[in-house]
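Okay, query16.cif now, which holds mmCIF, C-alpha atoms:
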data_coords
loop_
_atom_site.group_PDB
_atom_site.id
_atom_site.type_symbol
_atom_site.label_atom_id
_atom_site.label_comp_id
_atom_site.auth_asym_id
_atom_site.auth_seq_id
_atom_site.Cartn_x
_atom_site.Cartn_y
_atom_site.Cartn_z
ATOM 1 C CA MET S 148 -15.746 -41.329 -23.945
ATOM 2 C CA GLU S 149 -13.239 -44.105 -23.287
ATOM 3 C CA VAL S 150 -10.874 -43.329 -20.427
ATOM 4 C CA GLN S 151 -7.260 -43.402 -21.529
ATOM 5 C CA LEU S 152 -4.939 -45.652 -19.553
ATOM 6 C CA PRO S 153 -1.274 -44.636 -19.409
ATOM 7 C CA HIS S 154 1.101 -46.868 -21.356
ATOM 8 C CA GLY S 155 2.427 -49.750 -19.314
ATOM 9 C CA GLN S 156 -0.518 -49.771 -16.877
ATOM 10 C CA ARG S 157 -3.372 -52.270 -16.406
ATOM 11 C CA TYR S 158 -6.508 -51.980 -14.299
ATOM 12 C CA ILE S 159 -6.961 -54.238 -11.280
ATOM 13 C CA LYS S 160 -9.907 -54.437 -8.868
ATOM 14 C CA LYS S 161 -8.308 -53.735 -5.473
ATOM 15 C CA PHE S 162 -5.399 -51.703 -4.144
ATOM 16 C CA ILE S 163 -2.175 -53.531 -3.387
ATOM 17 C CA TYR S 164 -0.740 -52.054 -0.205
ATOM 18 C CA TYR S 165 2.961 -51.419 0.320
ATOM 19 C CA ALA S 166 4.782 -50.289 3.433
ATOM 20 C CA ALA S 167 8.498 -50.148 2.652
ATOM 21 C CA LEU S 168 9.349 -49.244 6.251
ATOM 22 C CA GLY S 169 6.429 -50.963 7.993
ATOM 23 C CA VAL S 170 2.998 -49.640 8.997
ATOM 24 C CA PRO S 171 3.380 -47.070 11.796
ATOM 25 C CA GLU S 172 1.101 -46.504 14.764
ATOM 26 C CA VAL S 173 -0.897 -43.291 14.508
ATOM 27 C CA ASP S 174 -1.964 -41.306 17.573
ATOM 28 C CA ILE S 175 -4.574 -39.024 16.051
ATOM 29 C CA SER S 176 -4.853 -36.988 19.275
ATOM 30 C CA THR S 177 -1.309 -35.679 18.836
ATOM 31 C CA TYR S 178 -1.088 -35.789 15.030
ATOM 32 C CA LYS S 179 0.071 -32.612 13.255
ATOM 33 C CA LEU S 180 0.730 -31.816 9.600
ATOM 34 C CA LYS S 181 3.548 -29.267 9.358
ATOM 35 C CA ILE S 182 4.325 -26.892 6.480
ATOM 36 C CA ASN S 183 7.872 -25.546 6.592
ATOM 37 C CA GLY S 184 11.151 -24.989 4.746
ATOM 38 C CA LEU S 185 11.365 -22.026 2.374
ATOM 39 C CA VAL S 186 8.203 -20.333 3.605
ATOM 40 C CA GLU S 187 7.581 -17.040 5.381
ATOM 41 C CA ASN S 188 5.117 -18.606 7.816
ATOM 42 C CA LYS S 189 5.512 -22.113 9.211
ATOM 43 C CA LEU S 190 2.151 -23.757 9.763
ATOM 44 C CA GLU S 191 0.768 -26.844 11.448
ATOM 45 C CA PHE S 192 -2.654 -28.458 11.390
ATOM 46 C CA SER S 193 -4.402 -31.086 13.498
ATOM 47 C CA TYR S 194 -6.482 -33.806 11.847
ATOM 48 C CA GLU S 195 -9.635 -31.944 12.857
ATOM 49 C CA ASP S 196 -8.258 -28.780 11.238
ATOM 50 C CA LEU S 197 -7.684 -30.680 8.000
ATOM 51 C CA LEU S 198 -11.162 -32.195 7.919
ATOM 52 C CA LYS S 199 -12.687 -28.714 8.159
ATOM 53 C CA MET S 200 -10.593 -27.566 5.176
ATOM 54 C CA ILE S 201 -11.712 -30.168 2.606
ATOM 55 C CA ASP S 202 -12.292 -28.252 -0.626
ATOM 56 C CA THR S 203 -11.891 -30.845 -3.370
ATOM 57 C CA LYS S 204 -13.861 -33.941 -4.329
ATOM 58 C CA TYR S 205 -13.141 -35.743 -7.585
ATOM 59 C CA THR S 206 -12.863 -39.123 -9.271
ATOM 60 C CA LYS S 207 -9.373 -39.969 -10.532
ATOM 61 C CA ASP S 208 -7.440 -43.142 -11.295
ATOM 62 C CA PHE S 209 -4.527 -44.214 -9.085
ATOM 63 C CA HIS S 210 -1.398 -45.491 -10.862
ATOM 64 C CA CYS S 211 1.350 -47.600 -9.290
ATOM 65 C CA VAL S 212 4.823 -47.603 -10.827
ATOM 66 C CA THR S 213 4.762 -51.427 -10.826
ATOM 67 C CA GLY S 214 2.152 -51.324 -13.590
ATOM 68 C CA TRP S 215 -1.255 -51.591 -11.927
ATOM 69 C CA SER S 216 -3.964 -48.927 -11.761
ATOM 70 C CA ILE S 217 -7.244 -48.544 -9.883
ATOM 71 C CA LYS S 218 -10.007 -46.997 -11.948
ATOM 72 C CA ASP S 219 -12.352 -44.238 -10.745
ATOM 73 C CA VAL S 220 -11.247 -43.722 -7.140
ATOM 74 C CA TYR S 221 -13.341 -41.050 -5.402
ATOM 75 C CA TRP S 222 -11.005 -38.715 -3.506
ATOM 76 C CA GLU S 223 -11.765 -35.998 -0.949
ATOM 77 C CA GLY S 224 -9.110 -33.634 0.308
ATOM 78 C CA ILE S 225 -7.516 -30.198 0.306
ATOM 79 C CA LYS S 226 -5.748 -28.610 -2.637
ATOM 80 C CA ILE S 227 -2.082 -28.426 -1.643
ATOM 81 C CA ARG S 228 -1.825 -24.932 -3.132
ATOM 82 C CA ASN S 229 -4.666 -23.803 -0.848
ATOM 83 C CA ILE S 230 -3.317 -25.371 2.336
ATOM 84 C CA VAL S 231 0.103 -23.745 1.846
ATOM 85 C CA GLU S 232 -1.241 -20.372 0.675
ATOM 86 C CA LYS S 233 -0.942 -18.769 4.124
ATOM 87 C CA SER S 234 2.618 -20.030 4.502
ATOM 88 C CA LYS S 235 3.752 -17.795 1.617
ATOM 89 C CA VAL S 236 6.234 -19.999 -0.217
ATOM 90 C CA LYS S 237 9.458 -18.179 -1.061
ATOM 91 C CA GLU S 238 10.506 -17.561 -4.657
ATOM 92 C CA GLU S 239 13.616 -19.743 -4.383
ATOM 93 C CA ALA S 240 11.580 -22.880 -3.532
ATOM 94 C CA LYS S 241 11.780 -25.332 -6.451
ATOM 95 C CA TRP S 242 11.113 -28.746 -4.893
ATOM 96 C CA VAL S 243 8.835 -30.261 -2.257
ATOM 97 C CA ILE S 244 9.637 -33.109 0.137
ATOM 98 C CA PHE S 245 6.827 -35.105 1.759
ATOM 99 C CA TYR S 246 7.708 -36.698 5.106
ATOM 100 C CA SER S 247 5.864 -39.667 6.595
ATOM 101 C CA LEU S 248 5.379 -40.929 10.136
ATOM 102 C CA ASP S 249 7.460 -44.019 9.276
ATOM 103 C CA SER S 250 10.450 -41.871 8.085
ATOM 104 C CA TYR S 251 9.601 -42.431 4.392
ATOM 105 C CA THR S 252 10.143 -39.427 2.127
ATOM 106 C CA SER S 253 9.300 -38.537 -1.469
ATOM 107 C CA THR S 254 10.334 -35.527 -3.537
ATOM 108 C CA ILE S 255 8.519 -33.768 -6.391
ATOM 109 C CA PRO S 256 8.944 -30.531 -8.361
ATOM 110 C CA ILE S 257 7.033 -27.618 -6.864
ATOM 111 C CA GLU S 258 4.817 -27.145 -9.925
ATOM 112 C CA ASP S 259 3.539 -30.702 -9.543
ATOM 113 C CA ALA S 260 2.800 -30.187 -5.841
ATOM 114 C CA LEU S 261 0.934 -26.942 -6.506
ATOM 115 C CA SER S 262 -0.942 -28.011 -9.630
ATOM 116 C CA GLU S 263 -4.727 -27.691 -9.700
ATOM 117 C CA ASP S 264 -5.437 -31.399 -9.040
ATOM 118 C CA SER S 265 -2.789 -32.024 -6.349
ATOM 119 C CA ILE S 266 -4.390 -32.598 -2.958
ATOM 120 C CA ILE S 267 -3.840 -33.738 0.597
ATOM 121 C CA ALA S 268 -6.174 -36.740 0.509
ATOM 122 C CA LEU S 269 -8.206 -37.453 3.651
ATOM 123 C CA ARG S 270 -10.981 -39.690 2.333
ATOM 124 C CA ILE S 271 -11.197 -42.406 -0.331
ATOM 125 C CA ASN S 272 -14.495 -43.678 -1.753
ATOM 126 C CA GLY S 273 -16.517 -41.880 0.914
ATOM 127 C CA LYS S 274 -14.542 -43.102 3.930
ATOM 128 C CA PRO S 275 -11.520 -41.885 5.901
ATOM 129 C CA LEU S 276 -8.259 -43.432 4.727
ATOM 130 C CA THR S 277 -7.561 -46.764 6.383
ATOM 131 C CA ILE S 278 -4.197 -47.181 8.080
ATOM 132 C CA GLU S 279 -3.056 -49.252 5.059
ATOM 133 C CA GLN S 280 -4.114 -46.408 2.756
ATOM 134 C CA GLY S 281 -2.086 -43.878 4.759
ATOM 135 C CA PHE S 282 -4.422 -42.574 7.487
ATOM 136 C CA PRO S 283 -4.703 -39.802 8.456
ATOM 137 C CA ALA S 284 -3.478 -38.026 5.307
ATOM 138 C CA ARG S 285 -1.421 -38.456 2.159
ATOM 139 C CA PRO S 286 -0.648 -36.241 -0.835
ATOM 140 C CA PHE S 287 -2.199 -37.331 -4.119
ATOM 141 C CA MET S 288 -1.116 -36.036 -7.510
ATOM 142 C CA PRO S 289 -3.185 -37.852 -10.190
ATOM 143 C CA HIS S 290 -0.535 -37.442 -12.895
ATOM 144 C CA LEU S 291 2.290 -38.899 -10.769
ATOM 145 C CA TYR S 292 2.981 -42.513 -9.818
ATOM 146 C CA GLY S 293 1.752 -43.612 -6.408
ATOM 147 C CA TRP S 294 5.155 -43.808 -4.708
ATOM 148 C CA LYS S 295 5.148 -40.000 -4.668
ATOM 149 C CA SER S 296 1.904 -40.100 -2.645
ATOM 150 C CA ALA S 297 3.594 -40.546 0.733
ATOM 151 C CA LYS S 298 1.308 -42.290 3.232
ATOM 152 C CA TRP S 299 0.986 -41.151 6.874
ATOM 153 C CA LEU S 300 1.984 -37.623 5.872
ATOM 154 C CA THR S 301 3.405 -35.458 8.681
ATOM 155 C CA GLU S 302 5.331 -32.689 6.924
ATOM 156 C CA ILE S 303 5.565 -30.752 3.670
ATOM 157 C CA GLU S 304 8.917 -29.011 3.220
ATOM 158 C CA PHE S 305 9.776 -26.536 0.454
ATOM 159 C CA ILE S 306 13.429 -26.600 -0.668
ATOM 160 C CA ASP S 307 15.562 -24.958 -3.350
ATOM 161 C CA LYS S 308 17.695 -27.923 -4.482
ATOM 162 C CA TYR S 309 16.716 -31.488 -5.320
ATOM 163 C CA VAL S 310 17.153 -34.153 -2.625
ATOM 164 C CA ASP S 311 16.467 -37.880 -3.082
ATOM 165 C CA GLY S 312 13.523 -39.413 -1.249
ATOM 166 C CA TYR S 313 13.308 -43.092 -0.253
ATOM 167 C CA TRP S 314 12.685 -44.571 -3.703
ATOM 168 C CA GLU S 315 14.545 -41.849 -5.602
ATOM 169 C CA GLU S 316 17.642 -42.874 -3.672
ATOM 170 C CA ARG S 317 17.080 -46.348 -5.105
ATOM 171 C CA GLY S 318 16.961 -45.173 -8.720
ATOM 172 C CA TYR S 319 13.389 -44.030 -9.204
ATOM 173 C CA HIS S 320 12.601 -40.866 -11.158
ATOM 174 C CA GLU S 321 12.829 -37.355 -9.728
ATOM 175 C CA ARG S 322 9.317 -36.445 -10.905
ATOM 176 C CA GLY S 323 7.482 -39.693 -11.774
ATOM 177 C CA ASN S 324 4.939 -38.505 -14.363
ATOM 178 C CA VAL S 325 2.792 -41.520 -15.246
ATOM 179 C CA TRP S 326 1.876 -40.194 -18.722
ATOM 180 C CA GLU S 327 5.555 -39.893 -19.638
ATOM 181 C CA GLU S 328 6.478 -43.233 -18.016
ATOM 182 C CA GLU S 329 9.021 -41.573 -15.744
ATOM 183 C CA ARG S 330 9.706 -44.683 -13.718
ATOM 184 C CA PHE S 331 13.472 -44.485 -13.361
ATOM 185 C CA LYS S 332 16.126 -41.794 -13.378
ATOM 186 C CA GLY S 333 17.597 -41.025 -16.768
ATOM 187 C CA HIS S 334 14.307 -41.667 -18.570
ATOM 188 C CA SER S 335 14.301 -38.221 -20.150
ATOM 189 C CA GLY S 336 17.095 -36.420 -18.352
ATOM 190 C CA LYS S 337 16.778 -34.655 -15.028
ATOM 191 C CA HIS S 338 13.541 -32.689 -14.790
ATOM 192 C CA SER S 339 14.034 -28.953 -14.470
ATOM 193 C CA PRO S 340 11.139 -27.552 -12.444
ATOM 194 C CA LYS S 341 9.458 -24.252 -13.193
ATOM 195 C CA ARG S 342 7.808 -21.945 -10.748
ATOM 196 C CA PRO S 343 4.005 -22.318 -10.919
ATOM 197 C CA ILE S 344 1.667 -19.365 -11.192
ATOM 198 C CA LEU S 345 -0.433 -19.225 -7.995
#
Render the structure in this file as structure tokens.
Amino acid sequence: MEVQLPHGQRYIKKFIYYAALGVPEVDISTYKLKINGLVENKLEFSYEDLLKMIDTKYTKDFHCVTGWSIKDVYWEGIKIRNIVEKSKVKEEAKWVIFYSLDSYTSTIPIEDALSEDSIIALRINGKPLTIEQGFPARPFMPHLYGWKSAKWLTEIEFIDKYVDGYWEERGYHERGNVWEEERFKGHSGKHSPKRPIL
């Protein structure tokens, strides 16, 4: 069956790497991924902790908002809904902010963060992420544009009201669904998130 490519996208052979705020230095010996905000239990994980928790391996395309896509990327990681399960997200949480080591942030609706295919990616095409790819970890939501997949991930915060991330502050869409071409704010009105069923 022919794989459908979202409107406005074209396949290219190799990733184009962006670092809006520069590529940070990563000290893996002190690295922690924190889960906090509107949760009953705040959690943190070392890189070794994360590697032991890998529960998802799949092949999905990567889509950049600038119009290019990479076909059939093999991802390995942890379902976000599984990694936050023990934190017990509070009912009033409606949005998720991803924080990066370089101070970059991105915001998505909670149902997109906790969807079945949304992961914390640790490996791409059988290898650990390179520093350019966001080592040690980055979120990946196959149905959202790549700017939401914050590289060098250090924190996942659950919040009740929408807050702009780095590119959202510059006019990019609150959700960024690639199949609906949600590139810029005002595309289809502000997205109103719904609470997912866990």
When you draw a straight line from CA of Trp314 in chain S to CA of Tyr158 in chain S, how long is it in Å?
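So the two atoms, CA of Trp314 in chain S and CA of Tyr158 in chain S, lie 23.1 Å apart.
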Have a look at CA of Val170 in chain S and CA of Val231 in chain S and let me know their distance in Å, one decimal.
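Result for CA of Val170 in chain S versus CA of Val231 in chain S: 27.0 Å, one decimal.
One finds CA of Leu197 in chain S at 27.7 Å from CA of Val325 in chain S.
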With distances taken over only C-alpha atoms, which of S:Trp299, S:Thr254, S:Glu232, S:Ser265 is nearest to Glu315 in chain S?
S:Thr254
Hey, what comes out of the PyMOL selection byres ((chain S and resi 332) around 7) on this file? Could you write it as a list of chain:residue names?
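Output from the PyMOL selection byres ((chain S and resi 332) around 7), applied to this file: S:Gly318, S:Tyr319, S:His320, S:Glu321, S:Phe331, S:Gly333, S:His334.
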So which residues touch Glu279 in chain S within 7 Å, counting only C-alpha atoms, skipping near sequence neighbours fewer than 2 positions away, as a ChimeraX atom specification?
/S:164,277,281
Nearest candidate to Asn324 in chain S (options S:Leu276, S:Leu248, S:Leu291, S:Leu180; using all atoms listed in the file):
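Closest to Asn324 in chain S of all the choices is S:Leu291.
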Decode the PyMOL selection byres ((chain S and resi 168) around 12) for the given file into explicit residues and return them as an mmCIF file with C-alpha atoms, in the coordinates of the input.
data_model
loop_
_atom_site.group_PDB
_atom_site.id
_atom_site.type_symbol
_atom_site.label_atom_id
_atom_site.label_comp_id
_atom_site.auth_asym_id
_atom_site.auth_seq_id
_atom_site.Cartn_x
_atom_site.Cartn_y
_atom_site.Cartn_z
ATOM 1 C CA TYR S 165 2.961 -51.419 0.320
ATOM 2 C CA ALA S 166 4.782 -50.289 3.433
ATOM 3 C CA ALA S 167 8.498 -50.148 2.652
ATOM 4 C CA GLY S 169 6.429 -50.963 7.993
ATOM 5 C CA VAL S 170 2.998 -49.640 8.997
ATOM 6 C CA PRO S 171 3.380 -47.070 11.796
ATOM 7 C CA SER S 247 5.864 -39.667 6.595
ATOM 8 C CA LEU S 248 5.379 -40.929 10.136
ATOM 9 C CA ASP S 249 7.460 -44.019 9.276
ATOM 10 C CA SER S 250 10.450 -41.871 8.085
ATOM 11 C CA TYR S 251 9.601 -42.431 4.392
ATOM 12 C CA THR S 252 10.143 -39.427 2.127
ATOM 13 C CA ALA S 297 3.594 -40.546 0.733
ATOM 14 C CA LYS S 298 1.308 -42.290 3.232
ATOM 15 C CA TRP S 299 0.986 -41.151 6.874
ATOM 16 C CA TYR S 313 13.308 -43.092 -0.253
ATOM 17 C CA TRP S 314 12.685 -44.571 -3.703
#
On this structure, the PyMOL selection byres ((chain S and resi 209) around 12) would catch which residues? List them as JSON, numbers by chain, sorted by chain and number.
{"S": [152, 153, 156, 157, 158, 159, 160, 161, 162, 163, 206, 207, 208, 210, 211, 212, 213, 214, 215, 216, 217, 218, 219, 220, 221, 222, 271, 287, 288, 289, 290, 291, 292, 293, 294, 295, 296, 325]}
Range 245-337 of chain S near range 182-193 of chain S within 10 Å: what's each residue's closest atom pair and its distance in Å to one decimal, counting all atoms listed in the file, ordered by chain then ascending residue number, as JSON lines?
{"residue": "S:Phe245", "atom": "CA", "partner": "S:Ile182", "partner_atom": "CA", "distance": 9.8}
{"residue": "S:Thr301", "atom": "CA", "partner": "S:Ile182", "partner_atom": "CA", "distance": 8.9}
{"residue": "S:Glu302", "atom": "CA", "partner": "S:Ile182", "partner_atom": "CA", "distance": 5.9}
{"residue": "S:Ile303", "atom": "CA", "partner": "S:Ile182", "partner_atom": "CA", "distance": 4.9}
{"residue": "S:Glu304", "atom": "CA", "partner": "S:Gly184", "partner_atom": "CA", "distance": 4.8}
{"residue": "S:Phe305", "atom": "CA", "partner": "S:Gly184", "partner_atom": "CA", "distance": 4.8}
{"residue": "S:Ile306", "atom": "CA", "partner": "S:Leu185", "partner_atom": "CA", "distance": 5.9}
{"residue": "S:Asp307", "atom": "CA", "partner": "S:Leu185", "partner_atom": "CA", "distance": 7.7}
Could you check the closest approach to Lys179 in chain S for each of S:Arg270, S:Gly155, S:Leu261, S:Pro283 and tell me which residue wins, using all atoms listed in the file?
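Nearest candidate to Lys179 in chain S out of S:Arg270, S:Gly155, S:Leu261, S:Pro283: S:Pro283.
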Enclose range 149-158 of chain S, meaning all of its atoms listed in the file, in a box aligned along x, y and z, pad it by 4 Å on each side, and list the centre and edge lengths in Å to one decimal, as lines of an AutoDock Vina configuration file.
center_x = -5.4
center_y = -47.8
center_z = -18.8
size_x = 23.7
size_y = 16.9
size_z = 17.0
With distances taken over all atoms listed in the file, the candidate from S:Asp174, S:Asp311, S:Glu329, S:Glu223 nearest Ser253 in chain S is S:Asp311
Could you pull range 158-247 of chain S out of the structure I just pasted and write it to a file containing C-alpha atoms, as a tab-separated table (two decimals), in the first residue's frame?
chain	number	residue	atom	x	y	z
S	158	TYR	CA	10.58	13.37	1.07
S	159	ILE	CA	14.30	14.07	1.33
S	160	LYS	CA	17.15	11.62	2.03
S	161	LYS	CA	18.79	13.07	5.16
S	162	PHE	CA	17.70	15.04	8.21
S	163	ILE	CA	18.33	18.77	8.21
S	164	TYR	CA	19.41	19.75	11.71
S	165	TYR	CA	18.28	22.93	13.43
S	166	ALA	CA	19.40	24.39	16.74
S	167	ALA	CA	17.57	27.68	17.26
S	168	LEU	CA	19.48	28.38	20.48
S	169	GLY	CA	22.70	26.51	19.66
S	170	VAL	CA	23.75	22.92	20.41
S	171	PRO	CA	24.23	22.47	24.17
S	172	GLU	CA	26.84	20.38	25.95
S	173	VAL	CA	25.39	17.27	27.57
S	174	ASP	CA	26.87	15.75	30.72
S	175	ILE	CA	25.20	12.34	30.69
S	176	SER	CA	26.52	11.53	34.19
S	177	THR	CA	24.33	14.24	35.72
S	178	TYR	CA	21.47	14.20	33.20
S	179	LYS	CA	17.92	13.88	34.59
S	180	LEU	CA	14.51	13.90	32.92
S	181	LYS	CA	11.97	15.46	35.28
S	182	ILE	CA	8.18	15.03	35.27
S	183	ASN	CA	6.38	17.76	37.19
S	184	GLY	CA	3.65	20.41	37.20
S	185	LEU	CA	0.07	19.27	37.80
S	186	VAL	CA	0.99	15.80	39.02
S	187	GLU	CA	0.60	14.07	42.38
S	188	ASN	CA	4.11	12.61	42.24
S	189	LYS	CA	7.08	14.45	40.76
S	190	LEU	CA	9.49	12.05	39.11
S	191	GLU	CA	12.99	12.12	37.68
S	192	PHE	CA	14.95	9.61	35.63
S	193	SER	CA	18.61	9.20	34.71
S	194	TYR	CA	19.60	8.23	31.17
S	195	GLU	CA	20.25	4.69	32.37
S	196	ASP	CA	16.76	4.59	33.90
S	197	LEU	CA	15.26	5.62	30.57
S	198	LEU	CA	17.17	3.02	28.57
S	199	LYS	CA	15.79	0.27	30.82
S	200	MET	CA	12.23	1.52	30.20
S	201	ILE	CA	12.17	1.32	26.38
S	202	ASP	CA	8.80	-0.21	25.48
S	203	THR	CA	8.13	0.97	21.93
S	204	LYS	CA	9.83	0.31	18.61
S	205	TYR	CA	8.21	1.43	15.37
S	206	THR	CA	8.83	2.88	11.93
S	207	LYS	CA	7.29	6.32	11.37
S	208	ASP	CA	7.97	9.28	9.09
S	209	PHE	CA	9.35	12.53	10.51
S	210	HIS	CA	7.79	15.77	9.22
S	211	CYS	CA	9.34	19.23	9.44
S	212	VAL	CA	7.11	22.30	9.30
S	213	THR	CA	9.36	23.75	6.56
S	214	GLY	CA	8.04	21.11	4.17
S	215	TRP	CA	10.50	18.21	4.22
S	216	SER	CA	9.91	14.70	5.54
S	217	ILE	CA	12.12	11.68	6.23
S	218	LYS	CA	10.53	8.39	5.28
S	219	ASP	CA	10.55	5.24	7.45
S	220	VAL	CA	12.61	6.33	10.46
S	221	TYR	CA	13.01	3.49	12.97
S	222	TRP	CA	12.34	4.86	16.47
S	223	GLU	CA	12.91	3.29	19.89
S	224	GLY	CA	11.65	4.89	23.06
S	225	ILE	CA	9.15	5.00	25.90
S	226	LYS	CA	5.47	5.78	25.54
S	227	ILE	CA	4.97	9.15	27.24
S	228	ARG	CA	1.73	7.90	28.82
S	229	ASN	CA	3.67	5.02	30.41
S	230	ILE	CA	6.56	7.12	31.72
S	231	VAL	CA	4.18	9.58	33.41
S	232	GLU	CA	1.75	6.93	34.71
S	233	LYS	CA	3.31	6.84	38.19
S	234	SER	CA	3.22	10.63	38.43
S	235	LYS	CA	-0.60	10.57	38.41
S	236	VAL	CA	-1.46	13.57	36.26
S	237	LYS	CA	-4.16	15.75	37.81
S	238	GLU	CA	-7.54	16.20	36.15
S	239	GLU	CA	-7.03	19.93	35.55
S	240	ALA	CA	-3.93	19.36	33.37
S	241	LYS	CA	-4.75	20.28	29.76
S	242	TRP	CA	-1.38	21.13	28.19
S	243	VAL	CA	2.19	19.83	28.27
S	244	ILE	CA	5.39	21.86	28.02
S	245	PHE	CA	8.65	20.19	26.96
S	246	TYR	CA	11.82	21.87	28.24
S	247	SER	CA	15.24	21.46	26.64
